[in-house]
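Participant: The structure is given below, and queries will be raised subsequently.
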Amino acid sequence: MRMTTTLPIDALHAVFGERLETDALLAPFTSARIGGPADALITAHSAEELAKTVSRLWEMSVPFILLGGGSNLLVSDKGVRGVVVLNRAKAVQFTDEARPRVWAESGAVFSNLSNRVAARGYTGLEWAATVPGTVGGAVYGNAGAFGGDMAGSLRYADVLTRQGREQLTAAQMGYGYRTSVMKRGELEGVILAAELRLDFGEKESVLARMREITEQRKSTQPPGASMGSMFKNPEGNYAGRLLEEAGLKGAHIGNAVISPVHANFFVSNGETNAADVKALIDLAQETVKEKFGVQLELEIELVGEW
Ligand SMILES: Cc1cc2nc3c(=O)[nH]c(=O)nc-3n(C[C@H](O)[C@H](O)[C@H](O)COP(=O)(O)OP(=O)(O)OC[C@H]3O[C@@H](n4cnc5c(N)ncnc54)[C@H](O)[C@@H]3O)c2cc1C
């Protein structure tokens, strides 16, 4: 049963006015198209608006979570008891002095940014051509693909914490494989923007590399709604291989299916609820543990009231 909200809705309305939407369904804001309602949703359209919104919520002691592209999380069917801040801050600025770089607000769509970089004939972000989600989500989770990752691209991230604003380098972000100080919960904050390093390149070869990456992705990963890789690759192994060898390709609970194309992708066969995906996650973890003694760790985050 869904709990009733404990949020000070009237006070929030007084502060955020029409920007506050109550009982907002979250499924449309996720790549898997799954998830119940948030008690309240506030959209930020610039880094400044994002900073002000988060500061006010901290002052009011109102719990919130930040949603970028919703491509690395599973929202529960009961939804979120608190505020969801939807990040749509998308401004982008290029600097092409001695060495080019790009500064982007954290709600910029990362794959679009990769395309804009390529269109200018710069190299450095080809790896991000097919990574869904926002720049902020990629900075938070150290997104990576095809030999590149955020740890290698980030000059600094503009981060807002309760103490104020600071610029954190990749070293200060404490990056590891798909993790950071923020993802590990060691630093509470919100990424407002990021500056990424680029190089002068040759436009045609940059575009050719991006086409190659896109083709490779299409031939190895399933199309359609998903959350990307469900589990992190365990040290020296691949989660997809373990799931496949455990005979789990094609396994399903309700409409949630372990993809027959790539076992580390969970896809939907029609309208799917989060409880079925969670039950399939549990089944996959139990089966792999039983057969190979390996505890698979989630790459995605479970969000909301379970
Ligand atoms: C089909 C598919 C393929 C994928 N392939 C890859 C891949 O190749 N490599 C890879 O690394 N990932 C991949 N992913 C996962 C996903 O694209 C990345 O993790 C992405 O960086 C998440 O960004 P997002 O904006 O969607 O984050 P969300 O899912 O919205 O959020 C994820 C977490 O980041 C936090 N967060 C988001 N923005 C901010 C911010 N501005 N400040 C603070 N915290 C923030 C959220 O609160 C949440 O905890 C794939 C996903 C899909 C669906």
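Just remember, in the structure tokens the first chain shown is A, the second B, etc., residues are 1-based per chain, and ligands are 1-based in the order shown.
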I'd like the neighbourhood of region 241-251 of chain A as a PDB file with C-alpha atoms, in the first residue's frame, where a residue qualifies if any of its atoms comes within 12 Å (using only C-alpha atoms), though same-chain residues fewer than 3 positions away should be ignored.
Facilitator:
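Listed below is the output, part08.pdb:
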```pdb
ATOM      1  CA  SER A 229      23.543  -2.835 -17.971  1.00  0.00           C
ATOM      2  CA  MET A 230      21.691  -4.165 -14.951  1.00  0.00           C
ATOM      3  CA  PHE A 231      24.752  -5.429 -13.010  1.00  0.00           C
ATOM      4  CA  LYS A 232      28.350  -4.264 -12.752  1.00  0.00           C
ATOM      5  CA  ASN A 233      30.904  -6.629 -14.245  1.00  0.00           C
ATOM      6  CA  PRO A 234      32.510  -8.522 -11.365  1.00  0.00           C
ATOM      7  CA  GLY A 236      37.798 -10.374 -14.074  1.00  0.00           C
ATOM      8  CA  ASN A 237      34.435 -11.455 -15.474  1.00  0.00           C
ATOM      9  CA  TYR A 238      31.342 -10.222 -17.282  1.00  0.00           C
ATOM     10  CA  GLY A 254       5.490 -10.953 -15.878  1.00  0.00           C
ATOM     11  CA  ASN A 255       6.525  -8.740 -18.785  1.00  0.00           C
ATOM     12  CA  ALA A 256      10.062  -8.206 -17.466  1.00  0.00           C
ATOM     13  CA  VAL A 257      12.503 -10.218 -19.585  1.00  0.00           C
ATOM     14  CA  ILE A 258      16.241 -10.943 -19.444  1.00  0.00           C
ATOM     15  CA  SER A 259      17.141 -10.066 -23.022  1.00  0.00           C
ATOM     16  CA  PRO A 260      17.843 -13.030 -25.296  1.00  0.00           C
ATOM     17  CA  VAL A 261      20.300 -10.719 -27.123  1.00  0.00           C
ATOM     18  CA  HIS A 262      22.434  -9.675 -24.115  1.00  0.00           C
ATOM     19  CA  ALA A 263      21.705 -11.149 -20.687  1.00  0.00           C
ATOM     20  CA  ASN A 264      22.840  -8.075 -18.731  1.00  0.00           C
ATOM     21  CA  PHE A 265      19.991  -6.075 -20.297  1.00  0.00           C
ATOM     22  CA  PHE A 266      16.512  -6.435 -18.833  1.00  0.00           C
ATOM     23  CA  VAL A 267      13.847  -5.461 -21.364  1.00  0.00           C
ATOM     24  CA  SER A 268      10.069  -5.173 -21.387  1.00  0.00           C
ATOM     25  CA  ASN A 269       7.632  -7.287 -23.298  1.00  0.00           C
ATOM     26  CA  ASP A 276       8.426  -7.812 -11.691  1.00  0.00           C
ATOM     27  CA  VAL A 277      11.772  -6.297 -12.696  1.00  0.00           C
ATOM     28  CA  ALA A 279      11.792 -10.070  -8.750  1.00  0.00           C
ATOM     29  CA  LEU A 280      13.816 -10.848 -11.894  1.00  0.00           C
ATOM     30  CA  ILE A 281      16.851  -9.042 -10.424  1.00  0.00           C
ATOM     31  CA  LEU A 283      16.192 -14.364  -9.336  1.00  0.00           C
ATOM     32  CA  ALA A 284      19.274 -13.474 -11.405  1.00  0.00           C
ATOM     33  CA  GLN A 285      21.378 -12.691  -8.317  1.00  0.00           C
ATOM     34  CA  GLU A 286      20.294 -15.880  -6.510  1.00  0.00           C
ATOM     35  CA  THR A 287      20.887 -18.110  -9.544  1.00  0.00           C
ATOM     36  CA  VAL A 288      24.364 -16.713 -10.304  1.00  0.00           C
ATOM     37  CA  LYS A 289      25.330 -16.911  -6.623  1.00  0.00           C
ATOM     38  CA  GLU A 290      24.168 -20.522  -6.413  1.00  0.00           C
ATOM     39  CA  LYS A 291      25.883 -21.637  -9.647  1.00  0.00           C
ATOM     40  CA  PHE A 292      29.128 -19.644  -9.553  1.00  0.00           C
ATOM     41  CA  GLY A 293      29.413 -18.269  -5.993  1.00  0.00           C
ATOM     42  CA  VAL A 294      29.484 -14.707  -7.402  1.00  0.00           C
ATOM     43  CA  GLN A 295      27.397 -11.937  -5.859  1.00  0.00           C
ATOM     44  CA  LEU A 296      26.296  -9.672  -8.716  1.00  0.00           C
TER      45      LEU A 296
END
```
Participant: May I ask you to write as a ChimeraX atom specification all residues lying at most 6 Å from ligand 1, with only C-alpha atoms and all ligand atoms counted?
Facilitator: /A:31,65-73,106,131-134,136-138,140-141,143-145,190-192,226-228
Participant: Would you please extract all helix (DSSP H, G or I) residues from region 14-146 of chain A, as assigned by DSSP on the backbone, and give them as an mmCIF file with C-alpha atoms, in the first residue's frame?
Facilitator:
```cif
data_model
loop_
_atom_site.group_PDB
_atom_site.id
_atom_site.type_symbol
_atom_site.label_atom_id
_atom_site.label_comp_id
_atom_site.auth_asym_id
_atom_site.auth_seq_id
_atom_site.Cartn_x
_atom_site.Cartn_y
_atom_site.Cartn_z
ATOM 1 C CA ALA A 14 4.146 28.963 -1.759
ATOM 2 C CA VAL A 15 7.845 28.753 -2.663
ATOM 3 C CA PHE A 16 7.748 27.073 -6.079
ATOM 4 C CA GLY A 17 4.303 28.147 -7.366
ATOM 5 C CA GLU A 18 3.338 26.608 -10.682
ATOM 6 C CA ARG A 19 6.713 24.891 -11.036
ATOM 7 C CA ALA A 27 7.552 6.477 -15.827
ATOM 8 C CA PRO A 28 7.715 8.951 -18.761
ATOM 9 C CA PHE A 29 10.942 10.402 -17.326
ATOM 10 C CA ALA A 47 21.963 25.418 -13.578
ATOM 11 C CA GLU A 48 21.065 28.545 -11.588
ATOM 12 C CA GLU A 49 17.462 27.389 -11.195
ATOM 13 C CA LEU A 50 18.722 23.939 -10.172
ATOM 14 C CA ALA A 51 21.024 25.448 -7.529
ATOM 15 C CA LYS A 52 18.253 27.675 -6.117
ATOM 16 C CA THR A 53 15.749 24.802 -6.066
ATOM 17 C CA VAL A 54 18.081 22.450 -4.231
ATOM 18 C CA SER A 55 19.173 25.155 -1.754
ATOM 19 C CA ARG A 56 15.533 25.917 -0.890
ATOM 20 C CA LEU A 57 14.734 22.211 -0.412
ATOM 21 C CA TRP A 58 17.751 21.853 1.893
ATOM 22 C CA GLU A 59 16.644 24.938 3.871
ATOM 23 C CA PHE A 110 25.212 13.546 -23.153
ATOM 24 C CA SER A 111 24.856 11.862 -26.556
ATOM 25 C CA ASN A 112 23.666 15.177 -28.081
ATOM 26 C CA LEU A 113 26.721 16.872 -26.608
ATOM 27 C CA SER A 114 28.941 14.190 -28.143
ATOM 28 C CA ASN A 115 27.337 14.917 -31.542
ATOM 29 C CA ARG A 116 27.774 18.684 -31.171
ATOM 30 C CA VAL A 117 31.427 18.185 -30.278
ATOM 31 C CA ALA A 118 31.929 16.018 -33.382
ATOM 32 C CA ALA A 119 30.108 18.501 -35.615
ATOM 33 C CA GLU A 126 33.166 9.824 -29.372
ATOM 34 C CA TRP A 127 32.776 7.231 -26.604
ATOM 35 C CA ALA A 128 29.662 9.034 -25.357
ATOM 36 C CA VAL A 135 25.978 15.005 -18.424
ATOM 37 C CA GLY A 136 25.179 15.146 -14.673
ATOM 38 C CA GLY A 137 24.235 11.466 -14.563
ATOM 39 C CA ALA A 138 27.460 10.589 -16.379
ATOM 40 C CA VAL A 139 29.581 12.692 -13.988
ATOM 41 C CA TYR A 140 27.803 11.142 -10.983
ATOM 42 C CA GLY A 141 28.266 7.514 -12.093
#
```
Participant: Expressed in Å to a single decimal, how great is the separation between CA of Arg209 (chain A) and CA of Val102 (chain A)?
Facilitator: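 Separation between CA of Arg209 (chain A) and CA of Val102 (chain A): 19.7 Å.
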